[in-house]
Every structure is written in C-alpha cells, then in structure tokens.
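Please read the structure below before turning to the comments.
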Amino acid sequence: MTPDKTDLKEHYWKSIKEYYKDPEVLQAKLNEFAKGVTDEFSVDKLNGLSRRRFIALLSASAALAATACSDYRDKGEIIPYTNRPEGVLPGKPDYYSSFVNDKSVLIKVREGRPINIVGNPDHPVYKGKLDAQTPATLLNLYDPERLKEPTKDKLKIDWAKADAEIIDALTKAAADGKEIALIGDRITSPSVMKLFADFKKKYSTARVYSYKQISDENKRIAWDQCFGTRNIPSVKLNNANVILAIESDFLGREGNTIEKTRMFAESRDIINNGKMSRLYAAEGSMSLTGMNADYRLRIRSDYHHNFILSLINELIGKGMTANADKELRDMVSSFPLDDFVKRHGLDALKISYLVKDLLNDPSGSIVLGGESLPVEVHTAINLLNNLLGNDNLFDYSSVELDHQPLSTDKELDEFIERSLSGEVGVIINFGVNPVYHLPSSLGIEKVFSEVNTTISIVESDNETSALSNYVLPSSHALESWGDNFTRSNIYELQQPVISPIFNTRQKEAVLLSWINGISEAYSDDAFKEYLMDVFEENVFITQNPAVDFKSYWYNSLHNGFAHIKSGRLQPGTFKFNPVRKTTNADDYDYVLHLTPNYFIGDGRYANNGWLQEMPHPVSKISWDNYAAVSPSSAKKLGVENDDLVKIKTASSFLEIPVFIQPGMADGQISIELGYGRTVIGDVGKNSGFNAAVLQESLSSVLIAGVTLEKSSGSYKLVSTQEHHSLDDDSVKDFHKMRHIIQEGTFKKYKEDPGFLHEEKHKLKGITREHKYEGLKWGMSIDLNKCISCGSCVSACNVENNIPVVGKDQVELGREMHWIRIDRYYSGTPDEPEVSNQPMLCQHCDNAPCENVCPVNATNHSPDGLNQMAYNRCVGTRYCANNCPYKVRRFNFYNFRDHFADAYYQNELSYLANNPEVTVRSRGVMEKCTFCVQRIMDAREEAIREGREIKGSDVVTACQSVCPGNAIVFGDINDPESEVSKYRTHELGYHVLEELYVKPNVTYIAKLRNTHAEEA
Amino acid sequence: MKKTVLDYTLKIRLPFLLFVVAVSFLLTFYISRSERDGVGYMPEQPIKYSHKLHAGDLAIDCQYCHVGVTKGRHALVPSVNICMNCHTVARKDKPEIVKLTQYYEEGKPLPWKRIHKIPEYAYFNHSVHVNVGIDCESCHGNLREMEVVEQIKPFTMTACLDCHRDPQKEIPYLEKVNKGPENCAACHR
C-alpha cells in the first residue's frame, strides 16, 4: 500500500468489520439508533433502589399535595448574605487564577462554588487553552467518595490527636536512627522542595522518594549525557517544517501537549498563513500523533534504536556531514538503511521521502522522542538532531525545568529491602499510590505491613491508603495553595477558591505542622505564609520589581503566574555520547508497550466519570483498557475483538481482552496503564485491567520478549465508534462522489484551490427561503488544526451539565456527549490513514428535526439557532430519527440517578452543575445549543453597555479550550467576521450539503502534506 | 311514546349533570385563577419590613438595597449588612429592629418569604429589563404604597409574552422600545 490517493477516497471505514462489509454493521449504519438503544425500557427492569426512591418520591408528592390545600403555593424563601463579601454578586460568576492538574487555569466561581475550569488567556504557554483532563477534574472536588475525616486503623481520629501521635512516631524513628520514607510525585514546586528539605532538617533520617509511572526521565538522562543539564529546552514546533515523531505522542499525552498542539496547528494554518508542516510518525502503537501524521511509518517500538542509527548513516552517506565526526560515522557505519527497510518490510518510498525532506531542510527539521523509549534511543535522537543542526528550533528562554531527578529503580529496590529488614520506621505516602503503581514483583505491599507507622495523605481511598495505619484526607487542588515552576520563564501560583468542603487539610500544610512539631499549632494559613516566603525569596528578590512585595504578590496571584527573566539558558556544548548496541530486537516475537491513558492518566482520575466515559481518541473505547494488536497479529493468533488473551512475562501474566487496532505494528502489544484499580470508588470499580503487574521495574514500559496466547472467554469492550455513524451509502445514490468527509493534498490545493467544489451542484429549495437579518450564529472547524484530542468534548461536558451514563449504557449507544469526534479510517487495516471530524448539532437553516416535532419543542430562533425547549419536549424522539447528523441525545433515564445507582445524585455532586444550564431529566431530548447561555450573557452585557451584540462577544466552551484553535464561532452575516472568512473559503464544506438542510457549521477540508509525485 | 328511565337520564339528568360540572369547573377555574398565578400572595415575613415607609415616605431609591438589579440576573434581596448601614443607629430600640440586629449579630440566616417566582426552567434576567428603562412598578406594582409586599401581576409565560409582543401597551412610558424576543432560547436553555 502506498500512501497516495488521498484526494477522493473510494471508501472510508470505521472498523475492521465495516471494512469487510459485515452485514450487521452495514445495517447499523442505516439505522438511527444502534441495536439495543431502544430496548430495555420496562419499569420492572429498574433496580430495587430506584423503586424505593420512586415510593419515597410518591410519599413526598402526597405531602406536597396536602400542603397545597393552603391558600397559596409556598414559594420558598430567599436568604440573603448576612454580610455580602465585596465583589460577590449572586448570579454573576467570578474567575480566579490557579493551577489544576499542573495546568494554569481560571476557575469560574458562582456564589463561592467552583463550577468550571477554563484556560488562563494571559498565560504565555497555555494562552487560555486546555487539554481534555483539566476541565473534568472539577468532578473530583465534588466526588461523594472523597475522604472526609482522618482515620487511624479505619477508626475516626481527630486531626490534633493524629498529628500528635505521628509527631511522636517521627521523633522516635529519627532518634532510633530508623528511616522516615516520604514518597511523593515528581516535584515541580519550589515550596515543596523547601518543605522536604526542612522536613529532613527536623527529622534527620528522612529520605524523599519521588516517582512517576510514566515520565520523561529517560529523555532527561539522555539530555544530561549529551548537554550536561537535565533541563530540556522547549521546542518551537511552529517554526518546524518537518517533524519526525519517534514513538512520541507529543500531541496526546507527552509533555506540554497544549503548547505543542497549538504550535503544531499554527504550522498547519492554511487559512491564515498558507503554510503547512509535514509530520512523519514512526511508531508501533497507534497514537493520537500517529493519527495526525502525513506519513506514518509502522515500526515496532523496539526497532527505533536501529532505525535512527540507520537514518543517521543514510544522511551522512547522502552528504550531511557538517556535524558528523569520525566517531559518529564509525558508530553508524554498520547500520545501512536499506537493510533496515527491507528487513522490517517498511515502505521504501515513505522512507526515501523522509530522507529527502531531512536533507532538504535540516535546520527546519526536528526529531522528537517518546517517553517510553530507553535512554539509548533518546541519545541517538539527540545525535540525529545535532547532525541536522536544528538548534534554532529549541527555545532556550523557556526551558522545561527539573528540580530533582526521580528515584531510580535501584533506589526504590533498596528502599523496599531496607523496609523489609526493619530499617524503616515511618512511611509517608504524600498524595500518591505506590502500592498500585509500583510493580507488584517488588513487594511493596509487604512493606506496608512490616513498617510500624504508615501514613497516607490522599484525597480518596486508594490501594496504598487501604494498607496504611493513618489515612489523612488531603484537600483538592481547588482547596489548596501552591506554586509550580516547570518552565524557566514562568512561576505559577495556586490559590484555593473554596474552603475545604470536608475536614481535610492540604498535604503540604500537614507536613508543615509536623515540621513545627506542635500538633495544636496548625493553622489554615500556615502553608500560605510559607509559600509567600518562598515566593519572596525565589522570585521577588531575584526579579527585583519596582513595586513592594505585597502588591507584587497580589498581582502575581491575580495573574496566576509571575514572569521570570531568566534569559537564555544555554546548555553545555554537545558531547558525543556513543550509543550502546542493544540486543537484536528481531529475536522476540512480541514487544509490550505500556502507555498512560489519555484521560485517566496513571489511574489518578479513575474515579472521575466524565474522564472514564471519554472515548479513546483512537479506538473510541471507553471505560476499559485493552491489549491492542495489529490485524495480522490477531489473525495469526486467531483472536477477535473482545477475546481474552494471556500475556506472559518471565515472572507474571495478565489476562486482558484484545482489541484489533488498525495501524499497530505486527508483533506489538499496546496496553494503557491506570486501569484495574482495586481500592476505588464506585465509578472506577471493575474498569479495565492493571497492566503494571507485567512490569519488572517501574521504568520498564517497553518489554520485549513477552508471550501472547489466546485464552478462553471474552470480555465486552464498549466503544462509541460504530454509534452515530453517518449514512453515507444512501447519500452516495444521489451524489456518488460526495462524502461525509472531504479532503485533499496540500499540493493539489496549491495547484487548484477550488478543487473541492468542482462537482458542486446548484441546490434549490421548494419552499420560500427564510431571511436572517442582523446577527446569525455559525461555527467553523478547521480539520487541519483539529487533532481530535477531545478537549472540546470535555469542556462541553462541564459547561453543559452532561451526565455520565456508565459502561452498560454506552454499550447501548446512549452516551450523552453533545460533541463527538468521528474517526474514519481509509486505506488498508494494516496501514490505515485516519481522518477525524468533530460532529455536533449543525443548527441547519432547514433543520429536518424541526419539521417532525409534534409539540414544536425544537424550532428556530431569529439568530439562526436550532433551539431545544426541554420543558416542552415530550420525548417522541422523532427529531433524532430525522437528524442526518445523528447528534441528538435522548435521556433514556435520569442518568444521574441511573448511573451506578444514583452515584451522581447526591447533594455534593450537584454543586458541579452550571446553574445557567437546565439539568435535563428523563424523557427529554437534548443536543448542542451553541452555548446559548453564553450568547445570552453576552447579550445582557451588550444591553447593559447600550450597544448591539457582536459575533466576537461570544466564545463557546469547545472553542475556548481548543488547543489548536480549530474552532471559530461568530456572526456569519458579518462579512468582516473571522467565521465568515472560513465559511467562504474555498476549502470550506458542509457535511451532507446535498440534503439542502443548510447547516451552519463549516468544515475546512483536511489537507495532507504528501509529496508531489504521488498526487 | 312511553317514557323510560333511559329517556329521563339522557334528556334531563345527564345534561343537568354536565351543566353543573361545567359551571363548577368554570367557577373554580376563574375564582382560583389569581391564586394559581400567585396574584395577591402576601405572606408574613420574618421581619415586618415596610416598603411604604422606606421607599415611599423616606423615598430611598430601590437600588440602594436591590443592588443587583442593573448588573445581573437577580435584583437581590439586600444582604443584612445593607439594613445595618442605617439601623446600627436608626430606631435601634424598635422591636423589629432588635430582631434584625439579632439576626445580624448572630450571623443567622434571615429567611425572607419568596413572593415572586418564575419556574426554574425559565431564565429571567433583571438587568436586561431594567437597563432598557422598564420601571420596577410595571411588574411588581407600586411598592411605595405597600405596607406588606404582595404579588400584583401574574408571573406566567403569557404575562411575559404579552409585554414582549406589545410593549407599547404595557409600558407606554417608554417612548422608544423594541419588542422583546419571543424565541424559546430567550428564556429557556
């Protein structure tokens, strides 16, 4: 298969079954609902608890009826503030800057309760954009299963008593010369650095361990070997013309994805600057970055070492000799590229393009290495970058800082050994979960029963806290103070926006009171003052601003960060570092690649329903992880989707369902970590499998030499990919060449900008056209900038009170997301090309849903919105039947009540709801509203200021977070507006425009930047 | 022809019954209408506050207390500290003020009875109405003469739409006023 023919695809497919024209799938495409969506609707099938709830409601309404016999209906009470805090106006949101999930954000607060997490537009790195995880972490604040009280051996205990006992234990351990182990996450905060140092000063035997399940540690070690510093410069991706990603998911889950996505999108912004970078992805697992690549090279993850050395060899051979000294030549001379290509059956044409591109523009090319790669490969990548001489693409004024190296495997091993031999007196689990994260073969579980005093300071119960004597509830990020210094030019600050909901304390403050050694001396402000001192010392004094400290502090707190004038942090000169020869990878049948999950991370967000339900960007599977294998490997093994397989390493094994992932390298198994938590709340229970059991040590994430065999039985994986698939076959009857998705190549576009509309038909309606005067709302989505990260879905969930439906309902196709990202494959299952298209209500002018509503619950507003009046809807679902885009969602249950028996139906979780949006109940239809609440807010603002509302006044939730700036929203009747520019652009198209429903969402066709010869 | 019981039932009894049912329905419907709409609702408040005294006789501006009315959705029932602006000195000895001071000093919530309410699926906004110049009186009646606040007008969708469709009739004092929006999303979302 050659990667050409990208213009007009013969056939798109969403799954293997569809590719082989499985009749079931083809039939499903014709139907509005997936099979089973409309079944299971008998009241008897509701569970017992719901029935009890029903009776309770019944008696409540009887009581209500009794009181209604008085003269007038009681309308309740209005309780004003006793003392209204200055600046707080009930009904008006306030925004506070802070950071959550290590991202600088603004927290939207209404009447003292955080209701949304949005980007911080002033931040120089994030520029107001967010990833999919961050907005959804709001739900963790309102998780009903958060720890509420400190406990000792599962019994409630006072904070003061717990503190006193722990201080005694610490003092005793220090006096006895026994180690106090403090286990935490990677340290990014200067104040925590100082806190740990102070802790060590007070308790002389204290040792700090920090770990991360998947980290960029290998990259930093390699950088250190080559440049003598662990601080890696950020990359100016927007200036790169050729990007080669080696197993690097830089758009999806590695490093600062928000910044990288923005820059990547900037380098492919055809509308505004007409240029386009070229992305090569060499990878074994199918990642989000690979999906977006112009050329994807399918190379098993353990071959990259040889691949890069061969590439270097080839480049030197073709005359790139400026930075090639003899040592390097000698080292790579035994790696001919041709051999490598032949041996692994790669596409020689693609490789030749890559070599040509690198030779043509070495200083505009960058090679990025993935976090799962070993140190040798990162060193080789450094060699390659040095050979290219692309120093200009590194930004030395904004360097990714490293405060302290993570604990090595050896250090962790030794710690466990020492604990088992009784040399450790106290273990403090500082907000992490080592029992779950560290490979079980290390025996960390036993450590917790051996050591006398074990303490966990965590937000909610986890595998580690279950084994700890003292479990101290720590505050959520939105209830905490903190600082973050991960980029050399920005010092970020975190402030609480709500006082702790439960009897929790932030973990840093707890440690501080142990350092003070007086349990009664705790105060909520103590850590804040500590933080201010660190800030004064580290930032105020060095930056020497022209204002006094207080104003500088408040100003930085208001902005969420302080600028640091660090200048250019030039690393040492490049030191040639010979790459060790690794074992010949071909000896192994299978290599196992472990990666973090895109949404639940390393398992820390496993109890967050919003994140669990996000469809995986590639496979569209939610609620579970799986072993992804290539179609050929699956065939060889004789397995189908959902079949259980057994993966064995030397010391352990795992049974896990298999998922046939098009685009995987043969002989590669890819599993995401973070699933299979055993001690967790109701949401994360029974979701997925813990692949960490296969690790020998924490750093082994690329495990060669595993065996894979078919096991008996199967496990149902649920995916959203075949739901809501568009009915392109019947449309083809009318306009054979029109597809749901339209794309071309960059070259074709340059030659013939209007190529997309050559065969366009003139459409004419039979009814009178309705005139829209004044403002009319419309959206455009640039598919060259959309990478399908899912940020929009997540932001929409939070903004619009989207319920969590649970795995069983996703299986029936009842997920409620108002915006989804459709993923289409084309080409062969082995080497597919992927196209993505976000799909949401198109707010059609001739909306088919409106004509069929028997109660006129959905109709059109004068400003072009397709409105949905929930209180009018009777739930016939005719509209959903008649919607060609399949974007309408029906509340088959009151999902808050239904999901895991009313998990989100509690006083606490309701606080996460946006009060400006109705919480829909059972029996009503819903869909994207173009964030009508934001439109109304803007209108109110305009009326207050006595002016007309403008299109640019409104930013929808999906638009505001989109890291690629792919979404534009505004007034399409204003020819000067941004959205009009997109709407009238020659690359703009409407999905299914032949239906003449006149949609108001314009898509900019995806262009692939492939080579001229092939078009 | 012989008169049967059936004839009697069909010709006299049934029409009579239907008549009685219809009349009683209509009577109940119209008599209870104001009650259903809440018109005339005048609950007893925890503190006997008089709008007549404050807004009428003392001519304090509405916005002195209802600070949110031009700024956002809620007009806002004043927070207790606004009352205390004056009442830390004024009429401290009156029993109602003693009660008020007690609420304030103890930080106890002051549960005013709610009089005007629209359903929670309708998103009313005070500021958009007040900022185009609509007087409080047009919806709430003349509070300057009310010793105890009562609901004067129905707060139904019909009442909203009457004014949105024909503002000249309902608010003639505004010389230049546009029609209000009538689309669903103007209030429901």
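Labels for the structure tokens follow display order: chains A, B, ..., residues from 1 in each chain, ligands from 1.
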**Request:** May I ask you to extract the residues of chain B within 7 Å of chain A, using only C-alpha atoms, and to give them as a PyMOL selection string?
**Result:** chain B and resi 35+38+41+68+72-74+77-81+104+107+109-115+117+121+128+131+183-185+188-189
**Message:** Residues within 12 Å of B:Ile171, please, as an MDAnalysis selection string. Count only C-alpha atoms; anything in the same chain fewer than 6 positions from it doesn't count.
**Reply:** chainID B and resid 129 132:139 162:165 177:180
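Going from atom CA of A:Gly255 to atom CA of A:Leu611 covers 19.2 Å.
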**Request:** Can you pull out every residue within 10 Å of A:Asp176, counting only C-alpha atoms, but drop anything in the same chain fewer than 4 positions away, and send it as a ChimeraX atom specification?
**Result:** /A:170-172,205,423,425
**Asked** Please, which residues of stretch 500-711 of chain A, numbered as in this document, come out alpha helix (DSSP H) from DSSP, as a ChimeraX atom specification?
**Response** /A:507-516,526-535,541-543,549-559,609-613,631-637
Serialized selection, C-alpha atoms, as a PDB file, in the first residue's frame:
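This is the output file out.pdb:
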```
ATOM      1  CA  LYS A 507      -0.888  17.760  52.465  1.00  0.00           C
ATOM      2  CA  GLU A 508       1.838  20.391  52.466  1.00  0.00           C
ATOM      3  CA  ALA A 509       0.242  22.074  55.492  1.00  0.00           C
ATOM      4  CA  VAL A 510       0.094  18.751  57.312  1.00  0.00           C
ATOM      5  CA  LEU A 511       3.777  18.218  56.729  1.00  0.00           C
ATOM      6  CA  LEU A 512       4.471  21.748  57.855  1.00  0.00           C
ATOM      7  CA  SER A 513       2.773  21.152  61.182  1.00  0.00           C
ATOM      8  CA  TRP A 514       4.870  18.024  61.661  1.00  0.00           C
ATOM      9  CA  ILE A 515       7.966  20.102  60.953  1.00  0.00           C
ATOM     10  CA  ASN A 516       6.847  22.581  63.604  1.00  0.00           C
ATOM     11  CA  ALA A 526       0.471  28.457  57.767  1.00  0.00           C
ATOM     12  CA  PHE A 527       1.344  26.984  54.401  1.00  0.00           C
ATOM     13  CA  LYS A 528       0.241  30.122  52.599  1.00  0.00           C
ATOM     14  CA  GLU A 529       2.732  32.134  54.624  1.00  0.00           C
ATOM     15  CA  TYR A 530       5.393  29.538  53.965  1.00  0.00           C
ATOM     16  CA  LEU A 531       4.616  29.786  50.264  1.00  0.00           C
ATOM     17  CA  MET A 532       4.812  33.568  50.362  1.00  0.00           C
ATOM     18  CA  ASP A 533       8.240  33.370  51.980  1.00  0.00           C
ATOM     19  CA  VAL A 534       9.479  31.015  49.282  1.00  0.00           C
ATOM     20  CA  PHE A 535       7.999  33.278  46.622  1.00  0.00           C
ATOM     21  CA  ILE A 541      14.196  39.265  45.374  1.00  0.00           C
ATOM     22  CA  THR A 542      15.675  37.912  42.167  1.00  0.00           C
ATOM     23  CA  GLN A 543      13.252  39.682  39.858  1.00  0.00           C
ATOM     24  CA  PHE A 549       6.238  42.701  47.890  1.00  0.00           C
ATOM     25  CA  LYS A 550       2.543  42.769  48.808  1.00  0.00           C
ATOM     26  CA  SER A 551       1.459  44.325  45.526  1.00  0.00           C
ATOM     27  CA  TYR A 552       3.787  42.081  43.559  1.00  0.00           C
ATOM     28  CA  TRP A 553       2.391  39.019  45.337  1.00  0.00           C
ATOM     29  CA  TYR A 554      -1.227  40.012  44.810  1.00  0.00           C
ATOM     30  CA  ASN A 555      -0.566  40.893  41.219  1.00  0.00           C
ATOM     31  CA  SER A 556       1.072  37.523  40.576  1.00  0.00           C
ATOM     32  CA  LEU A 557      -1.737  35.754  42.401  1.00  0.00           C
ATOM     33  CA  HIS A 558      -4.257  37.613  40.282  1.00  0.00           C
ATOM     34  CA  ASN A 559      -2.479  36.646  37.070  1.00  0.00           C
ATOM     35  CA  GLY A 609     -16.996   9.532  35.414  1.00  0.00           C
ATOM     36  CA  TRP A 610     -16.512  12.266  32.854  1.00  0.00           C
ATOM     37  CA  LEU A 611     -12.982  11.109  32.123  1.00  0.00           C
ATOM     38  CA  GLN A 612     -13.812   7.397  32.190  1.00  0.00           C
ATOM     39  CA  GLU A 613     -16.530   7.966  29.629  1.00  0.00           C
ATOM     40  CA  PRO A 631      -4.876  -7.165  12.416  1.00  0.00           C
ATOM     41  CA  SER A 632      -2.189  -9.575  11.194  1.00  0.00           C
ATOM     42  CA  SER A 633      -1.083 -10.497  14.698  1.00  0.00           C
ATOM     43  CA  ALA A 634      -4.698 -11.112  15.637  1.00  0.00           C
ATOM     44  CA  LYS A 635      -5.200 -13.297  12.615  1.00  0.00           C
ATOM     45  CA  LYS A 636      -2.083 -15.263  13.398  1.00  0.00           C
ATOM     46  CA  LEU A 637      -3.309 -15.758  16.930  1.00  0.00           C
TER      47      LEU A 637
END
```
**Request:** Can you work out the spacing between atom CA of B:Pro46 and atom CA of B:Ile97 in Å, to one decimal?
**Result:**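 Computing it gives 11.5 Å between the two atoms.
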**Message:** Using only C-alpha atoms, which protein or nucleic acid residues come within 7 Å of B:Phe155? Drop anything in the same chain fewer than 4 positions from it, and give the result as number ranges by chain.
**Reply:** B: 37, 118, 159
How would the residues just chosen look if you wrote them out with C-alpha atoms as a tab-separated table (two decimals), in the first residue's frame?
```tsv
chain	number	residue	atom	x	y	z
B	37	ASP	CA	-50.91	32.56	39.44
B	118	ILE	CA	-40.90	32.01	37.89
B	159	ALA	CA	-47.76	37.65	31.05
```
**Message:** Taking only C-alpha atoms into account, name the residue in B:Lys48, B:His54, B:His66, B:Glu145 that is nearest to B:Glu96.
**Reply:** B:Lys48
**Prompt:** Leaving out stretch 481-486 of chain A and any residue of its chain fewer than 4 positions from it, which residues lie within 9 Å of it when counting only C-alpha atoms, given as a ChimeraX atom specification?
**Reply:** /A:98-99,102,187-192,399-403,477,490-496,506,508,527-528,531,535,561
**Request:** Using only C-alpha atoms, pick whichever of B:His51, B:Phe16, B:Gln168, B:Met157 has the shortest atom-to-atom distance to B:Cys65.
**Result:**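 Between B:His51, B:Phe16, B:Gln168, B:Met157, the residue approaching B:Cys65 most closely is B:His51.
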**Request:** Could you tell me how far atom CA of A:Val798 lies from atom CA of A:Cys786, in Å and to one decimal?
**Result:** 20.3 Å
**Request:** With a distance cut-off of 12 Å and only C-alpha atoms, select the neighbouring residues of B:Asp57, excluding the residue or stretch itself and same-chain residues fewer than 5 positions from it, and output the selection as a PyMOL selection string.
**Result:** chain B and resi 50-52+143-147
Would you write out those residues with C-alpha atoms, as a compact mmCIF listing (two decimals), in the first residue's frame?
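Resulting contents of again33.txt:
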```txt
# COMPACT_ATOMS: atom_id res chain seq x y z
CA SER B 50 -42.43 48.25 55.19
CA HIS B 51 -41.70 49.30 51.62
CA LYS B 52 -44.18 52.14 52.10
CA LEU B 143 -44.27 49.19 46.21
CA ARG B 144 -44.07 52.71 47.52
CA GLU B 145 -47.57 52.24 48.82
CA MET B 146 -47.31 48.71 50.11
CA GLU B 147 -47.05 48.21 53.83
```
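Residues in contact with A:Gly284 at 6 Å, where only C-alpha atoms are counted and same-chain residues fewer than 2 positions away are skipped, are listed as Arg298, Ile299, Arg300, Ser301, Met664 and Ala665 of chain A.
Across B:Val5, B:Leu100, B:Val130, B:Val89, the tightest approach to B:Cys62 is made by B:Val130 when counting only C-alpha atoms.
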**Asked** Between A:Ser285, A:Lys565, A:Leu349, A:Ser372, which has the minimum distance to A:Ser398 (counting only C-alpha atoms)?
**Response** A:Lys565
